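Structure record follows, encoded as structure tokens.
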Amino acid sequence: MSLPSSEAAPKISETVPKIAVRGLYKSFGRNRVLDGLDIGCMAGESLVVIGGSGTGKSVLIKCILGLLRPDAGSIRIDGVETVRLRRKMRERLLQKCGVLFQGSALFDSLRVWENVAFGLIQGRGMERQRAKEIALERLRAVGLGPEIGELRPAELSGGMQKRVALARAIAADPEIIFFDEPTTGLDPIMADVINDLVLKCVRELGATAVSITHDMVSARKIGDRIAMLHKGRIIWHGPASEIDHSGNPFVDQFIHGRAEGPIRMETRVL
Amino acid sequence: MFRALASIGAATLSFLVATGRIVIFAVTALATGLSPPFYLRVILRQMLDIGYFSLPVVGLTAIFTGMVLALQSYTGFSRFSAESAIATVVVLSVTRELGPVIAGLMVAGRVGAAMAAEIGTMRVTDQIDALTTLSTDPLRYLVLPRLLAGLITLPFLVLVADIIGVFGGYLVGVYKFGFNPEAYLISTKQYLETSDVVSGLVKAAVFGFVVTLMGCYHGYYSSGGAQGVGQATTYSVVSASILILVLDYGITQALFAR
């Protein structure tokens, strides 16, 4: 099994999904998090997966990226099976991907520009000066000046850290970008700024985007299609414009943020 | 009776599982060094951190160890008029035993704990996952440089500790007990063999590897936020300290037992 390199890659048919997940199962001990999940995403599309806390959204992304090994099921990227891919192949696959982590996950010991250029220098062996130029260009693209590049992540606000994380995610012109809760922990204005940047970056790169969020404002803004995850399965998916008329009581309860409805939050007495 | 046996069995199994995991972790990390890329800059930075920045604490403990050793030896040896053996006892004890053990324990406390905390924090804040998604193998980038730096640097640190420890004994012997400085130095050299120093350096290399391995292993597999990182730090220092003492006996037995 081999992944086509970017130069020699055969033309992917428009009918072949960029990402196709079929029958995905993942448990942690007795807790089944993903329960036969099916989902797909076409090239250039922006898919947003919504769902409550603890429904397995992050686990789904980690399985697609190979950070977690699913118990069963198939994950295909550009038609190539990626479950149980060997390390070298996985590294080549990951060169197609950029990831914005929920907590930004910036490396504390490195300066901001080194964070952005990390994948170029360490992952691709690019010369430091050239990588720095690209990093500063990406920082500019997310609205940060070159002086920010010399700071440490701890010296930045949460919103600036998200921008740096976004710059790092797009530094190597990825074909697929994963956004894990891109607006969590930000004030509404900064959240909107990040949503705009996400949209701009995805459109300019022509990338496929997979986002997970429980922020409905963000989901409506950045998603072409929305899928709702509940109890380890996708219970509804469709165009973002149709989510208000889904006819699904679970979706209705979630998007309106109602405590009453078919979704019961697990609570326990402390 | 059966309950006691079951407890012993469970403890033995859990010990064997943990040992197996640590061995697999070490071998996998070392195997990443067989092919490029090699992170020389990271290795040098770790060597500086383990070696240069540990010098004050190791030097301070070494000098007092040498001084106390001379004091205690004098108290015992003067009872049967063997004071002239103090210099020899100090130099042999420091080079063969106390230098590597004291330096190993100090580095376990200073460097092993810091490694576990740093890597553990990277784990719980998704930084290790971020490394993977940036096509960088975390074992190759985070663990291997630390293991190599510990293995290479601790013998140098112990060499310095040996010299400082012997100097501590010299200070007490000459300035407190009034030994002739020249005679003290001659006694120091007279019975010292190359194998005494080399055996200490071999121990140092093993201890350096063990300390960094424990720091990296417990940090890498930490979980559960700040509490998990705190636990990883504690486990790292405790396990490294115990292993240093156990391995010290094993290496001494292997090198000197006839």
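Labels used: A, B, ... for chains in the order of the structure tokens, numbers from 1 for residues in each chain, and numbers from 1 for ligands as shown.
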**OP:** Compile the contact shell of Phe179 (chain A) as a list in words: residues with an atom at most 8 Å away, counting only C-alpha atoms, same-chain residues fewer than 3 positions apart removed.
**Re:**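 After dropping sequence-adjacent residues, the list is Val99, Leu100, Phe101, Gln102, Pro182, Ala209, Val210, Ser211 and Ile212 of chain A.
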Next, write the just-selected residues to a file, as a tab-separated table (two decimals), in the first residue's frame, keeping C-alpha atoms as the atom set.
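Here's the written file out.tsv:
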```
chain	number	residue	atom	x	y	z
A	99	VAL	CA	-4.13	21.03	12.17
A	100	LEU	CA	-5.34	23.80	14.45
A	101	PHE	CA	-5.58	22.32	17.94
A	102	GLN	CA	-8.17	23.35	20.51
A	182	PRO	CA	-11.27	26.96	16.54
A	209	ALA	CA	-11.56	21.70	5.76
A	210	VAL	CA	-12.86	19.51	8.57
A	211	SER	CA	-13.85	21.42	11.68
A	212	ILE	CA	-15.33	20.26	14.94
```
Could I get the residues of chain A with an atom no further than 12 Å from an atom of chain B, each paired with its nearest atom pair and that distance in Å to one decimal, using only C-alpha atoms, sorted by chain and residue number, as JSON lines?
```
{"residue": "A:Ser58", "atom": "CA", "partner": "B:Asp126", "partner_atom": "CA", "distance": 11.6}
{"residue": "A:Ile61", "atom": "CA", "partner": "B:Thr133", "partner_atom": "CA", "distance": 11.5}
{"residue": "A:Lys62", "atom": "CA", "partner": "B:Asp129", "partner_atom": "CA", "distance": 8.9}
{"residue": "A:Cys63", "atom": "CA", "partner": "B:Asp129", "partner_atom": "CA", "distance": 11.8}
{"residue": "A:Ile64", "atom": "CA", "partner": "B:Thr133", "partner_atom": "CA", "distance": 11.2}
{"residue": "A:Leu65", "atom": "CA", "partner": "B:Thr133", "partner_atom": "CA", "distance": 7.4}
{"residue": "A:Gly66", "atom": "CA", "partner": "B:Thr133", "partner_atom": "CA", "distance": 8.9}
{"residue": "A:Leu67", "atom": "CA", "partner": "B:Asp129", "partner_atom": "CA", "distance": 6.8}
{"residue": "A:Leu68", "atom": "CA", "partner": "B:Asp129", "partner_atom": "CA", "distance": 10.0}
{"residue": "A:Arg87", "atom": "CA", "partner": "B:Asp137", "partner_atom": "CA", "distance": 8.8}
{"residue": "A:Lys88", "atom": "CA", "partner": "B:Ser135", "partner_atom": "CA", "distance": 9.1}
{"residue": "A:Met89", "atom": "CA", "partner": "B:Ser135", "partner_atom": "CA", "distance": 10.3}
{"residue": "A:Arg90", "atom": "CA", "partner": "B:Ser135", "partner_atom": "CA", "distance": 8.2}
{"residue": "A:Glu91", "atom": "CA", "partner": "B:Ser135", "partner_atom": "CA", "distance": 4.9}
{"residue": "A:Arg92", "atom": "CA", "partner": "B:Ser135", "partner_atom": "CA", "distance": 7.4}
{"residue": "A:Leu93", "atom": "CA", "partner": "B:Ser135", "partner_atom": "CA", "distance": 8.7}
{"residue": "A:Leu94", "atom": "CA", "partner": "B:Thr133", "partner_atom": "CA", "distance": 5.8}
{"residue": "A:Gln95", "atom": "CA", "partner": "B:Ser135", "partner_atom": "CA", "distance": 6.3}
{"residue": "A:Lys96", "atom": "CA", "partner": "B:Thr133", "partner_atom": "CA", "distance": 9.7}
{"residue": "A:Cys97", "atom": "CA", "partner": "B:Thr133", "partner_atom": "CA", "distance": 7.4}
{"residue": "A:Gly98", "atom": "CA", "partner": "B:Thr133", "partner_atom": "CA", "distance": 7.2}
{"residue": "A:Val99", "atom": "CA", "partner": "B:Thr133", "partner_atom": "CA", "distance": 7.0}
{"residue": "A:Leu100", "atom": "CA", "partner": "B:Ala130", "partner_atom": "CA", "distance": 8.7}
{"residue": "A:Phe101", "atom": "CA", "partner": "B:Asp126", "partner_atom": "CA", "distance": 7.5}
{"residue": "A:Gln102", "atom": "CA", "partner": "B:Asp126", "partner_atom": "CA", "distance": 8.7}
{"residue": "A:Gly103", "atom": "CA", "partner": "B:Thr125", "partner_atom": "CA", "distance": 6.9}
{"residue": "A:Ser104", "atom": "CA", "partner": "B:Asp126", "partner_atom": "CA", "distance": 8.3}
{"residue": "A:Ala105", "atom": "CA", "partner": "B:Gln127", "partner_atom": "CA", "distance": 4.8}
{"residue": "A:Leu106", "atom": "CA", "partner": "B:Gln127", "partner_atom": "CA", "distance": 6.5}
{"residue": "A:Phe107", "atom": "CA", "partner": "B:Gln127", "partner_atom": "CA", "distance": 6.4}
{"residue": "A:Asp108", "atom": "CA", "partner": "B:Met122", "partner_atom": "CA", "distance": 8.8}
{"residue": "A:Ser109", "atom": "CA", "partner": "B:Glu118", "partner_atom": "CA", "distance": 9.7}
{"residue": "A:Leu110", "atom": "CA", "partner": "B:Val42", "partner_atom": "CA", "distance": 11.9}
{"residue": "A:Asn115", "atom": "CA", "partner": "B:Leu131", "partner_atom": "CA", "distance": 10.4}
{"residue": "A:Val116", "atom": "CA", "partner": "B:Leu134", "partner_atom": "CA", "distance": 10.3}
{"residue": "A:Ala117", "atom": "CA", "partner": "B:Leu134", "partner_atom": "CA", "distance": 9.9}
{"residue": "A:Phe118", "atom": "CA", "partner": "B:Leu134", "partner_atom": "CA", "distance": 7.3}
{"residue": "A:Gly119", "atom": "CA", "partner": "B:Leu134", "partner_atom": "CA", "distance": 4.7}
{"residue": "A:Leu120", "atom": "CA", "partner": "B:Leu134", "partner_atom": "CA", "distance": 8.3}
{"residue": "A:Ile121", "atom": "CA", "partner": "B:Leu134", "partner_atom": "CA", "distance": 9.9}
{"residue": "A:Gln122", "atom": "CA", "partner": "B:Thr136", "partner_atom": "CA", "distance": 6.5}
{"residue": "A:Gly123", "atom": "CA", "partner": "B:Ser135", "partner_atom": "CA", "distance": 4.9}
{"residue": "A:Arg124", "atom": "CA", "partner": "B:Ser135", "partner_atom": "CA", "distance": 7.9}
{"residue": "A:Gly125", "atom": "CA", "partner": "B:Pro37", "partner_atom": "CA", "distance": 8.4}
{"residue": "A:Ala165", "atom": "CA", "partner": "B:Ala130", "partner_atom": "CA", "distance": 10.1}
{"residue": "A:Arg168", "atom": "CA", "partner": "B:Leu134", "partner_atom": "CA", "distance": 9.2}
{"residue": "A:Ala169", "atom": "CA", "partner": "B:Leu134", "partner_atom": "CA", "distance": 8.8}
{"residue": "A:Ile170", "atom": "CA", "partner": "B:Leu134", "partner_atom": "CA", "distance": 11.0}
{"residue": "A:Ala171", "atom": "CA", "partner": "B:Leu134", "partner_atom": "CA", "distance": 10.2}
{"residue": "A:Ala172", "atom": "CA", "partner": "B:Leu134", "partner_atom": "CA", "distance": 9.4}
{"residue": "A:Pro174", "atom": "CA", "partner": "B:Leu134", "partner_atom": "CA", "distance": 10.9}
{"residue": "A:Ile176", "atom": "CA", "partner": "B:Thr133", "partner_atom": "CA", "distance": 11.8}
{"residue": "A:Ile177", "atom": "CA", "partner": "B:Thr133", "partner_atom": "CA", "distance": 10.9}
{"residue": "A:Phe178", "atom": "CA", "partner": "B:Thr133", "partner_atom": "CA", "distance": 10.4}
{"residue": "A:Asp180", "atom": "CA", "partner": "B:Asp126", "partner_atom": "CA", "distance": 11.4}
```
**OP:** For Ala141 (chain A), please output as a ChimeraX atom specification all residues within 10 Å (counting only C-alpha atoms; exclusion window: fewer than 6 positions along the same chain).
**Re:** /A:135,163,166-167,170,197,200-201
Output of the above residues as a compact mmCIF listing (two decimals), in the first residue's frame, restricted to C-alpha atoms:
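Dumped everything to result_3.txt:
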```txt
# COMPACT_ATOMS: atom_id res chain seq x y z
CA ALA A 135 6.50 31.92 8.50
CA ARG A 163 -3.87 33.11 14.97
CA LEU A 166 -3.71 28.97 12.30
CA ALA A 167 -0.57 30.33 10.64
CA ILE A 170 -1.45 26.66 6.83
CA LEU A 197 -9.46 33.97 8.93
CA LYS A 200 -10.08 33.19 4.04
CA CYS A 201 -7.28 30.66 4.49
```
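Residue nearest Gly178 (chain B), chosen from B:Ala240, B:Gly99, B:Ser84, B:Tyr221 and counting only C-alpha atoms: B:Ser84.
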Original post:
region 25-150 of chain A: which residues are helix (DSSP H, G or I) by DSSP, as a PyMOL selection string?
Top reply: chain A and resi 57-65+87-94+112-123+128-141+146-150
Subject >> CA of Ala43 (chain A) to CA of Ala207 (chain A), distance in Å rounded to a single decimal >> reply: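 One can read the CA of Ala43 (chain A) to CA of Ala207 (chain A) distance as 7.4 Å.
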Original post:
Using only C-alpha atoms, which of the listed residues (A:Thr15, A:Gly56, A:Val251, A:Thr208) sits closest to Ile226 (chain A)?
Top reply: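 Looking at the shortest contact to Ile226 (chain A), the residue is A:Val251.
Separating CA of Arg146 (chain B) from CA of Gln46 (chain B) is a distance of 6.0 Å.
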